[in-house]
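Let me begin by presenting the structure, written as structure tokens, before commenting on it.
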Amino acid sequence: MKLVFGEGSCGIAAGARKVRAAVEKLNADGAVEVGITGCIGMCYLEPIVDVYGEPGTYPPSEASAEGGSMRGGNGEPLLARLVRVQEKDAERIYKAAASGVLSGVKDLEISADDKEFLEKQTRIALRHCGLIDPEDIAAYEAVDGYKAIRKVLTMTPEDVIAEIKVSGLAGRGGAGFPTWFKWNAARNAKGDQKYLICNADEGDPGAFMDRAVIESDPHSLIEGMLIAAYAIGATKAFVYVRAEYPLAIVRLEKALAAAKKAGLLGENILGSGFSCDIRIKAGAGAFVCGEETALIESLEGNRGMPRLKPPFPAEKGYTQAPSNINNVETFANVAWIILNGGAAFAAMGTETSKGTKVFALTGKIKRGGLVEIPMGLTLRDVIFGIGGGIRDGGTFKAVQMGGPSGGCIPEHLLDTLIDYKALGATGAIMGSGGMVVMDSHTCMVNMARFFLDFTAKESCGKCVHCRIGTKRMHEILTRITEGKGREGDVELLQELCNGIKAGALCGLGQTAPNPVLTTIRYFRDEYDAHIREARCPAHECAVLKKFEIDPAKCKGCTMCAKKCPVGAISGEPKKPHAIDQSKCIKCGQCVATCKFGAVSVG
Amino acid sequence: METPELITLEIDGQSVSVPAGTTIFEAAKTAGIEIPNLCYLKELGPYGACGVCVVEVENCPKMLRACSAKVAPGMVVHTKSEKALATRKLALELLMGDHDGDCQGPCKLNCPAHTDCQKYVKEIAEGRFADAVATIKETFPLPAAIGRVCPHPCEKACRRNLVEEPISIAQLKYFAADQVRKDGNEHPIKVAAPTGKKVGIIGGGPAGLTAAFKLAQWGHAVTVYDQMPEMGGMLRYGIPEYRLPKAILKAETDAIAALGVTFVNDFKIGRDADFAKFRSWFDAVIVANGAWKSTAMRVKGEELQGVWGGIDFLRAVVTGEKPDIGERVAIVGGGNTAMDACRTAVRVGAKEVFVVYRRTRKEMPAEDIEITEAEEEGVKFKFLYAPDEILGKDGKVCGMRLQVMELGEPDERGRRKPVPVAGKFEEIALDSVIAAIGQRNDPEGFADLPQTQKGTIAADEGNFSTALPGVFACGDTVNKGAGIAIGAIAQANEAALAVDAYLRGGEYRPVKPILSERELTEKDFADRPRIARAKMPQRPPEERRNDFKEVNLGLSPEVAQAEAKRCLECGCHDFEECKLIRYANLLQADCKRLHGDYHPGFVEQKLVTIERNQRKCVLCNLCVRVCAEQAKQGLLGLVGRGFKTVIKPEFQNPGATAVCKDCHLCADNCPTGALKVIG
């Protein structure tokens, strides 16, 4: 039998390597085959170990539903998926694998409910994630890897672009611009040297689609880039990846070296006469470098600040030469499209949005992780169908789409289709795939403040509207969450939002007001409650919280008074206690301590 | 060479043809349309930071930056559309709300006439005394006189107060005037070609003389009429000789006459001509006849012989009437006129002089130095007393009954109100009583002009026009009534502008300029070395109390220069050239509306001869770019991110100074006053 550990960053962080080391220690004789794979996508169940083997060795009475229905990268049947494994489980996992009897780990098996998470997905960009060893080129080749580039090398660049046009693939970085159009513009631009750039500077808080692809299936990115380079006529390519993704960089480096060794990269690829080299450039952690012109500045060794457009990069990009920039997920779809045909891709989705989209589902969701679905599903399908709804029995309030550049979508719009146009109409955006779910305990003003804190800090400082405007918006939002809001602040915010959208130089500034505009649009009452009543309806804004003890419920056990770090609670034993509001620092210790539910937060 | 294709487009309704590849900004320029910008320099190409040059193009959903957007055939550009102006104004308001700089020094702003104190103090510091006098005379013609008498609101606002003591701005002013008069090197004042218009001014005090001085320079034929035998108004007849020698005042009024202004003395409206007739002699008239009537105390016995009005007494002394006030004199009041009166009483021979004031010394409106000097000269102060009745014998003053007062609740100005202590009185024996409690105008002869409730002439607070066309009024005679000389001068300057506009067929309306101002405390100056304020040499009290010779002996050039060097130079050196403030005024961008935290503003650092004030930096990046691309040095760079971004020598390298060619391109191209070339 074979044990495959999910070792994306998330699995490793959850302890996958420790469990694997423990298993390997027991496996000195090599009775069990041990391997790794990338991110399976079920972050909430990490660490995950998949058990592969011949079905015959597994007693049918104990057969997992996975048996037969799922297969590994090389077609091996997946016998069982063990979740939330811990170091202490290593021994019985090893024993089960070595003996072929899995009854001893039955309790670790994924539940039928959780299996829905993957079953309801349609994976194109993530097609190999969690199934193959990302550090082994042979594993990629075994799943039709590098077949697409071989096919492309027999096509004309124009035909490649035509195929992509048929697919309807649009830029997955957020803007959703047709990919074929950009490729065509770069192909037609005059210049002896053209460049291809992969934007892997994934900076939205809570987004990790690109990281998962690079960590789990780096060759798919390389192959997609080679196809694009061939189509536009580029011989030099870069992957601009944030330095905060060390594992992605290591795996991509390994993959590049292996591809080069296999003659798939460098001079005269596969004897076709086409040459292309790919270099990695690690970004220094500036969010704005995800903006394509700032990314180019950074690539050139300058401070990452956006340039004026036009000229667009297709005309004057890296070192003023024609350049094409696409996002990781965009490239990850390309080989599939070439092999399966653009029409197959276009068959999925809606009139205006074709194919699939990957989302990083996070927040107050029951099942958080990586989700890839065909365009045209509803938000409800994703959040409730795949994500399982709100965790801890909470109530859905809103979902933030597209990170700091996006907007929130409230409950009554949950049936909105996942489609560039439909999402845009709500005031939010498709974005690169961040999907942060919020429940009734999330204060929408505070949420907007959080994102403005982010954009204000991440503003490059170049243009006035963004540099000072986002700072002022953050100041206003901060005073509102502190109960110091003024009448007219909402209107002032709206004025700033519209002015910044109109005046900011790049996408960062132009979209920074979106979280504020959408929260005002859908949750104006929360703003008003903060400003007019110094009240936070979600009870999240610390300054506005008021802790009170219900004398009817208080038994006078004195526990809260003992726990209170500032001595704000007093009372005689066995008599109702009271909180001195002037001393209270709103830490919440009393609520956590009270066994009788006597402390309320208002 | 190939001629580029010509492209025709429309900008603000004008058809413009320019070669293909031209930016909207340059195209607009050829049509004479200025698009504001802060970060654009043609030679460097577009940069796009300031967002001030945004324009709206029809059928284009986004605002375009004119500095970079290229023209296209048939393009319809609106540089002043509502949206373009709003976006531009927002950029300017964001910049102004983050601009931690003083456009002008508090001294200049707090001077009612906005005299450029900082400029002339600097000129004095540099030993350029004649330049200093010329600077002062840009505002008014009487530096030696006003320097001696002004209660100097400039000094009250002086930031040096936050270090130790204010700059002696007033004393420096008259030092410069005295020095230049002594040296005989005053710059000649230019007079424009005659306009053929005639202006008649009633009143030869600070207001009338200032208006005459200005209007004469602009080519108008000005005649000043005054009821007294000499010009100068209250400066001559209200201010005692020991504070302002008549000869010094005369020299300054003579200089006004030298510009071609005609002086007519001993002329009074109503007596020598009626106002309607007077008006008919001129194209425009300014009424600036002051406030020459003493306010009555309204107590019993006020009609007795030996009761004087403060200004009447002072005028009588000046005109040589030798008023007989006896040996024991009480002056009622706590203002500067009361101080002038008591000290004059000492000088005309009174043996015992009292000042009766109903509050305490702390509340006295008189200058502290005046009170001190009066005390030194033997004046006795009776605080917390109010006149209740003037006692008489044979129709002559023999004493005064005083009501004892105490301080009660503060009034709306924060000054504690004096209230009588029931039944407590005191009597003093006196030969005369001088009531220096206020003065008012005399409307007699000006019935044609509408009056305020106070009985003053009603004039527009902005341009000092009256209800009668061509008649303007300013100074102590209008609106709120008597004030300080420099206040009257401020009004006269506005009135002169209004008269000039009127004579040219227009109308003058002052616009309050938008200015950036810093709010500072002592903490901001904690690291400043303390330097004591210059001490004015004076004649000893026992000597000076016997005569009318000037009390102050004046500053020496050395002391004056050292004193002037204490100036903190708060006002921005670049105010006249600053693009930011020019556009802020053009678009009426509010400085305070979007104010919040300031970006990090480190104190100045030097790069050979360049001083940087990061507080004023708008991050246009022109200095960084000219240094890299034109000077080919690349010494400067942006450091930090977002709101905390600052410009520093690249990589904060202290060695940058060694490489700097000192070409000044950075400072020359700075759109604000963030960079300054220092000696």
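Residues are referred to by chain and number: the chain letter is A, B, ... according to the order shown in the structure tokens, the number counts from 1 in that chain, and ligands are numbered separately from 1 in the order shown.
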Distance filter 7 Å, only C-alpha atoms, chain A against chain B, as an MDAnalysis selection string: chainID A and resid 308 456:465 467:469 471:472 499 502:503 505
Selected residues written out, C-alpha atoms, as a PDB file, in the first residue's frame:
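As written to disk, part_3.pdb reads:
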ATOM      1  CA  LEU A 308       0.513  55.153 -16.481  1.00  0.00           C
ATOM      2  CA  ALA A 456      -3.814  52.296   2.951  1.00  0.00           C
ATOM      3  CA  LYS A 457      -0.726  50.455   4.135  1.00  0.00           C
ATOM      4  CA  GLU A 458      -0.218  48.743   0.799  1.00  0.00           C
ATOM      5  CA  SER A 459      -0.686  51.878  -1.286  1.00  0.00           C
ATOM      6  CA  CYS A 460       2.600  52.505  -3.048  1.00  0.00           C
ATOM      7  CA  GLY A 461       2.395  56.175  -2.179  1.00  0.00           C
ATOM      8  CA  LYS A 462       2.622  57.432  -5.728  1.00  0.00           C
ATOM      9  CA  CYS A 463      -0.740  58.996  -6.447  1.00  0.00           C
ATOM     10  CA  VAL A 464      -2.456  61.485  -4.178  1.00  0.00           C
ATOM     11  CA  HIS A 465      -5.952  60.038  -4.293  1.00  0.00           C
ATOM     12  CA  ARG A 467      -1.987  57.647  -0.776  1.00  0.00           C
ATOM     13  CA  ILE A 468      -3.876  60.251   1.217  1.00  0.00           C
ATOM     14  CA  GLY A 469      -7.437  59.314   0.274  1.00  0.00           C
ATOM     15  CA  LYS A 471      -5.595  57.020   4.746  1.00  0.00           C
ATOM     16  CA  ARG A 472      -8.397  59.504   5.358  1.00  0.00           C
ATOM     17  CA  GLY A 499     -13.244  60.710  -5.964  1.00  0.00           C
ATOM     18  CA  ALA A 502     -12.029  58.516 -10.471  1.00  0.00           C
ATOM     19  CA  GLY A 503      -8.620  59.901  -9.583  1.00  0.00           C
ATOM     20  CA  LEU A 505      -3.687  55.943 -10.854  1.00  0.00           C
TER      21      LEU A 505
END
8 Å contact set for region 121-125 of chain B, only C-alpha atoms, chain neighbours under 4 positions out, as number ranges by chain: B: 117, 129, 131-132, 169, 172-173, 176, 560-565, 567
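Comparing B:Thr337, B:Gln118, B:Asn669, B:Gln588 by their smallest distance to Leu85 (chain B), the closest is B:Gln588 (using only C-alpha atoms).
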Secondary structure check, strand (DSSP E or B) residues of region 5-174 of chain A, as a ChimeraX atom specification: /A:5-6,33-37,49-52,71,77-82,109,170
Next, dump the selected residues to file, keeping only N, CA and C atoms, as a PDB file, in the first residue's frame.
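Output file again_30.pdb follows:
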ATOM      1  N   PHE A   5       0.973  11.823   1.629  1.00  0.00           N
ATOM      2  CA  PHE A   5       0.694  12.929   2.558  1.00  0.00           C
ATOM      3  C   PHE A   5       0.430  14.215   1.780  1.00  0.00           C
ATOM      4  N   GLY A   6      -0.617  14.886   2.161  1.00  0.00           N
ATOM      5  CA  GLY A   6      -0.921  16.188   1.542  1.00  0.00           C
ATOM      6  C   GLY A   6       0.035  17.224   2.091  1.00  0.00           C
ATOM      7  N   GLU A  33       4.910   2.103   0.896  1.00  0.00           N
ATOM      8  CA  GLU A  33       5.414   3.175   0.030  1.00  0.00           C
ATOM      9  C   GLU A  33       4.889   4.504   0.582  1.00  0.00           C
ATOM     10  N   VAL A  34       5.792   5.483   0.765  1.00  0.00           N
ATOM     11  CA  VAL A  34       5.370   6.784   1.318  1.00  0.00           C
ATOM     12  C   VAL A  34       5.652   7.882   0.296  1.00  0.00           C
ATOM     13  N   GLY A  35       4.689   8.679   0.048  1.00  0.00           N
ATOM     14  CA  GLY A  35       4.884   9.771  -0.915  1.00  0.00           C
ATOM     15  C   GLY A  35       4.196  11.043  -0.466  1.00  0.00           C
ATOM     16  N   ILE A  36       4.350  12.063  -1.295  1.00  0.00           N
ATOM     17  CA  ILE A  36       3.674  13.328  -0.971  1.00  0.00           C
ATOM     18  C   ILE A  36       2.865  13.791  -2.171  1.00  0.00           C
ATOM     19  N   THR A  37       1.964  14.669  -1.883  1.00  0.00           N
ATOM     20  CA  THR A  37       1.250  15.364  -2.941  1.00  0.00           C
ATOM     21  C   THR A  37       1.062  16.808  -2.485  1.00  0.00           C
ATOM     22  N   VAL A  49      -4.001  12.201   4.872  1.00  0.00           N
ATOM     23  CA  VAL A  49      -3.193  11.123   4.286  1.00  0.00           C
ATOM     24  C   VAL A  49      -4.107  10.284   3.403  1.00  0.00           C
ATOM     25  N   ASP A  50      -3.685  10.104   2.183  1.00  0.00           N
ATOM     26  CA  ASP A  50      -4.461   9.257   1.273  1.00  0.00           C
ATOM     27  C   ASP A  50      -3.816   7.870   1.222  1.00  0.00           C
ATOM     28  N   VAL A  51      -4.664   6.857   1.247  1.00  0.00           N
ATOM     29  CA  VAL A  51      -4.177   5.474   1.210  1.00  0.00           C
ATOM     30  C   VAL A  51      -4.515   4.890  -0.161  1.00  0.00           C
ATOM     31  N   TYR A  52      -3.477   4.559  -0.902  1.00  0.00           N
ATOM     32  CA  TYR A  52      -3.665   3.970  -2.227  1.00  0.00           C
ATOM     33  C   TYR A  52      -3.273   2.494  -2.180  1.00  0.00           C
ATOM     34  N   ARG A  71      -9.348   8.115  -7.993  1.00  0.00           N
ATOM     35  CA  ARG A  71      -8.071   7.510  -8.341  1.00  0.00           C
ATOM     36  C   ARG A  71      -6.976   8.549  -8.184  1.00  0.00           C
ATOM     37  N   PRO A  77      -6.233   3.304  -7.466  1.00  0.00           N
ATOM     38  CA  PRO A  77      -7.460   3.590  -6.713  1.00  0.00           C
ATOM     39  C   PRO A  77      -7.136   4.122  -5.317  1.00  0.00           C
ATOM     40  N   LEU A  78      -7.918   5.099  -4.908  1.00  0.00           N
ATOM     41  CA  LEU A  78      -7.768   5.670  -3.575  1.00  0.00           C
ATOM     42  C   LEU A  78      -8.653   4.869  -2.637  1.00  0.00           C
ATOM     43  N   LEU A  79      -8.004   4.172  -1.694  1.00  0.00           N
ATOM     44  CA  LEU A  79      -8.769   3.295  -0.810  1.00  0.00           C
ATOM     45  C   LEU A  79      -9.411   4.051   0.341  1.00  0.00           C
ATOM     46  N   ALA A  80      -8.669   4.964   0.880  1.00  0.00           N
ATOM     47  CA  ALA A  80      -9.216   5.703   2.026  1.00  0.00           C
ATOM     48  C   ALA A  80      -8.534   7.054   2.143  1.00  0.00           C
ATOM     49  N   ARG A  81      -9.252   8.001   2.615  1.00  0.00           N
ATOM     50  CA  ARG A  81      -8.672   9.329   2.877  1.00  0.00           C
ATOM     51  C   ARG A  81      -8.779   9.581   4.376  1.00  0.00           C
ATOM     52  N   LEU A  82      -7.623   9.692   4.997  1.00  0.00           N
ATOM     53  CA  LEU A  82      -7.603   9.887   6.452  1.00  0.00           C
ATOM     54  C   LEU A  82      -7.389  11.380   6.722  1.00  0.00           C
ATOM     55  N   GLU A 109     -11.174   8.244   8.933  1.00  0.00           N
ATOM     56  CA  GLU A 109     -11.646   8.429   7.553  1.00  0.00           C
ATOM     57  C   GLU A 109     -12.562   9.623   7.381  1.00  0.00           C
ATOM     58  N   ALA A 170     -10.720  33.890 -19.701  1.00  0.00           N
ATOM     59  CA  ALA A 170     -10.493  35.295 -19.335  1.00  0.00           C
ATOM     60  C   ALA A 170      -9.520  35.344 -18.172  1.00  0.00           C
TER      61      ALA A 170
END
